[in-house]
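All remarks here apply to the structure that follows.
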Amino acid sequence: MKRGEASGEVTATGAKSYFGKTAELVRGAGAKSHLEELVLSIVRYLVAMDVLLVLAILAYAMVQHIPLANILPFALILLVASVPVALPATFTLATAIASLHLVHRGVLVTRLAAVEEAAAMNDLCSDKTGTLTQNCLSLSQLQPWPDVKEEDLLRMAALASDSSTQDPIDLAILQESSKRQISPPTRAQFVPFDPASKRSEGTFTQDGNQWRAMKGSPQIIARLCKDADWESRTAQLAASGARVLAVAAGPDSQPRFLGLLALSDPIRPDAKDVVQQLQKLGVHVRMVTGDSVQTAQSVASTLGIDGQVCERGRITEDCGVYAGVFPADKFHLVQGLQKKGRIVGMTGDGVNDAPALKQAEMGVAVESATDVAKAAASIVLTTPGLQGVLEAVITGRRVYQRMLTYTLNKIVKVFQVALFLSLGFLLFRSFVVTPLLVLLLLFANDFVTMSLAEDNVRPSPQPDRWAIRTLVFSSLAVAIAWLIYIFAVYAVGRSLHLPTPSIQTLDFLGLVFSGLANVFLVRERGHLWASRPGTFLSVASLVDIMIVSILAIMGWLMAPIPWIFVLCLLGATVVYTLLLDQIKVPLLQKLTHA
């Protein structure tokens with residue numbers, strides 16, 4: 001309603017209305033966060049181990065009649081050191097930095113978890129019109145039926161179109177009729193296109209009778225006109241990738257089939273390359289369109305989309321193209337793929353697409369999307385096409401590699417520190433590291449590992465999935481190697497007859513140096529020299545080494561030790577890391593799909 005006034009009748013309100021049903025679907029839609037599952041799974045493993053160690057220490061203290069006042073602070077420090085409190089913060093920091101980078105590539109991230117989901121996405125359901133094609137429809141061919149002139153066919157098509165709808169099909173037809181200077185008769189009433197009926201129509205008066213002109217799906221129009229010779233001609237036009245419409249006109253009782261219109265929508269120049277790159281990265285691109293099977297098959301073949309063409313109502317993993325789909329069907333399509341264990345991305349632009357965008361792990365609102373679609377999506381593209389989705393996938397996989405490094409490092413250090421503190425107390429009946437030094441160790445480790453959010457990494461070649469069990473047991477194997485190292489440091493301190501406080505300082509430095517070395521060890525799935533670490537990581541590591549070394553040499557917050565001890569320990573750590581790198585590569589290959 002642009003001006004004036006009108007009277008209307010309310011037939012439904014709230015959830016019973018058309019938009020109300022869409023709003024209800026949006027409110028109830030949503031995929032479970034995989035990041036939340038990851039954090040909880042890791043915490044469960046670590047806390048279970050800590051509880052067992054604390055129970056063993058308490059039992060040992062009771063047997064040896066050690067005062068609980070001396071044991072409880074140690075047990076609490078052990079628990080604090082083992083809970084990955086920085087894990088959620090590091091994930092948030094990494095995804096926030098990634099979303100900032102994506103802004104400069106035409107991608108707005110409205111939900112940070114979508115960056116992580118982009119790394120795991122293995123199915124992308126993409127609209128055809130406006131996403132894979134340019135959405136610049138033009139009338140490429142008219143095929144009138146016998147005894148029907150092209151002018152009459154186009155005149156009735158124009159009468160069943162309206163520029164106020166801003167529908168690209170209507171605008172293309174009206175533009176061609178204006179170009180040929182064809183004017184439709186005066187229209188009495190107009191019914192815009194409805195996805196449910198798949199047609200639009202306008203009524204007019206001719207020879208004193210009320211007629212109606214219709215355009216829409218050839219199958220629907222042929223059924224209304226009882227025309228049986230439409231399928232072969234429609235298939236011929238659709239085989240070229242054109243969108244085919246049928247036109248009919250006549251009295252209400254018996255409209256006549258007038259012919260077919262073929263509208264071409266050129267494929268975006270970058271679409272094929274982007275689709276091919278996504279498929280090389282292991283993302284199964286599925287085209288979702290309301291067009292006929294023949295049209296969809298032609299476009300999919302041009303773009304190189306794999307899989308068979310399936311019609312509406314069929315949801316299988318073999319389908320590369322879903323044709324004849326209504327906007328409301330997209331929600332059930334996403335749910336169907338998710339039930340099969342897929343991580344789904346969905347592109348959309350209309351109000352009807354909002355439930356599907358909200359339900360998908362990575363809902364993508366394209367450049368021309370409505371405000372409702374943008375509000376429901378987790379990623380909004382500011383440039384046409386799917387290039388932004390490709391950028392999101394690559395960026396998400398880089399974030400995954402950074403977070404995999406952080407998680408591996410955290411689990412390894414928790415195993416090493418917890419077992420060293422516990423076994424050291426059980427074997428030697430003394431604290432191998434003081435509670436104060438354990439707290440300093442937490443700050444020293446997290447100071448460096450937080451810089452992994454900007455580390456220089458290569459994206460994963462395939463969709464990423466967090467294999468928690470494999471992750472934990474791989475980390476345990478590396479942790480045992482570092483446990484041997486730190487016990488060796490303790491043994492050297494004892495052999496040099498150093499006082500207990502100095503041994504504790506030496507152990508503290510050993511834990512810090514091995515923690516830094518482990519970051520560089522696990523950040524690269526190949527040998528540690530295969531890629532250059534990020535600037536922030538390198539600088540943070542050097543600063544960390546300098547600070548803890550000065551504290552140890554000067555005796556601040558700990559017993560002092562000679563500088564030569566610090567230097568020798570640092571050199572031994574480097575040599576041990578290079579040796580450990582030789583056995584790490586085959587261990588992590590399975591974990592990272594190398």
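Naming scheme: A, B, ... for chains in displayed order of the structure tokens; residues 1 onward per chain; ligands 1 onward as shown.
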For range 99-185 of chain A versus range 195-207 of chain A, which residues have an atom no more than 8 Å away, and what is each residue's nearest atom pair and distance in Å rounded to one decimal, using only C-alpha atoms, chain-then-number order, as a Markdown table?
| residue | atom | partner | partner_atom | distance |
| --- | --- | --- | --- | --- |
| A:Leu159 | CA | A:Gly202 | CA | 6.0 |
| A:Ala160 | CA | A:Glu201 | CA | 4.6 |
| A:Ser161 | CA | A:Ser200 | CA | 7.3 |
| A:Pro185 | CA | A:Phe204 | CA | 7.0 |
Output as a VMD selection string all residues of range 173-256 of chain A that backbone DSSP marks as helix (DSSP H, G or I).
chain A and resid 173 to 179 218 to 225 231 to 238
Within 8 Å of Ile411 in chain A, counting only C-alpha atoms, which residues show up once you throw out same-chain ones fewer than 6 positions away? Write them as an NGL selection string, please.
:A and (46 or 472 or 475-476)
DSSP strand (DSSP E or B) residues within range 243-372 of chain A, listed as a ChimeraX atom specification:
/A:243-251,256-264,267,284-288,308-311,319-323,344-348,362-365
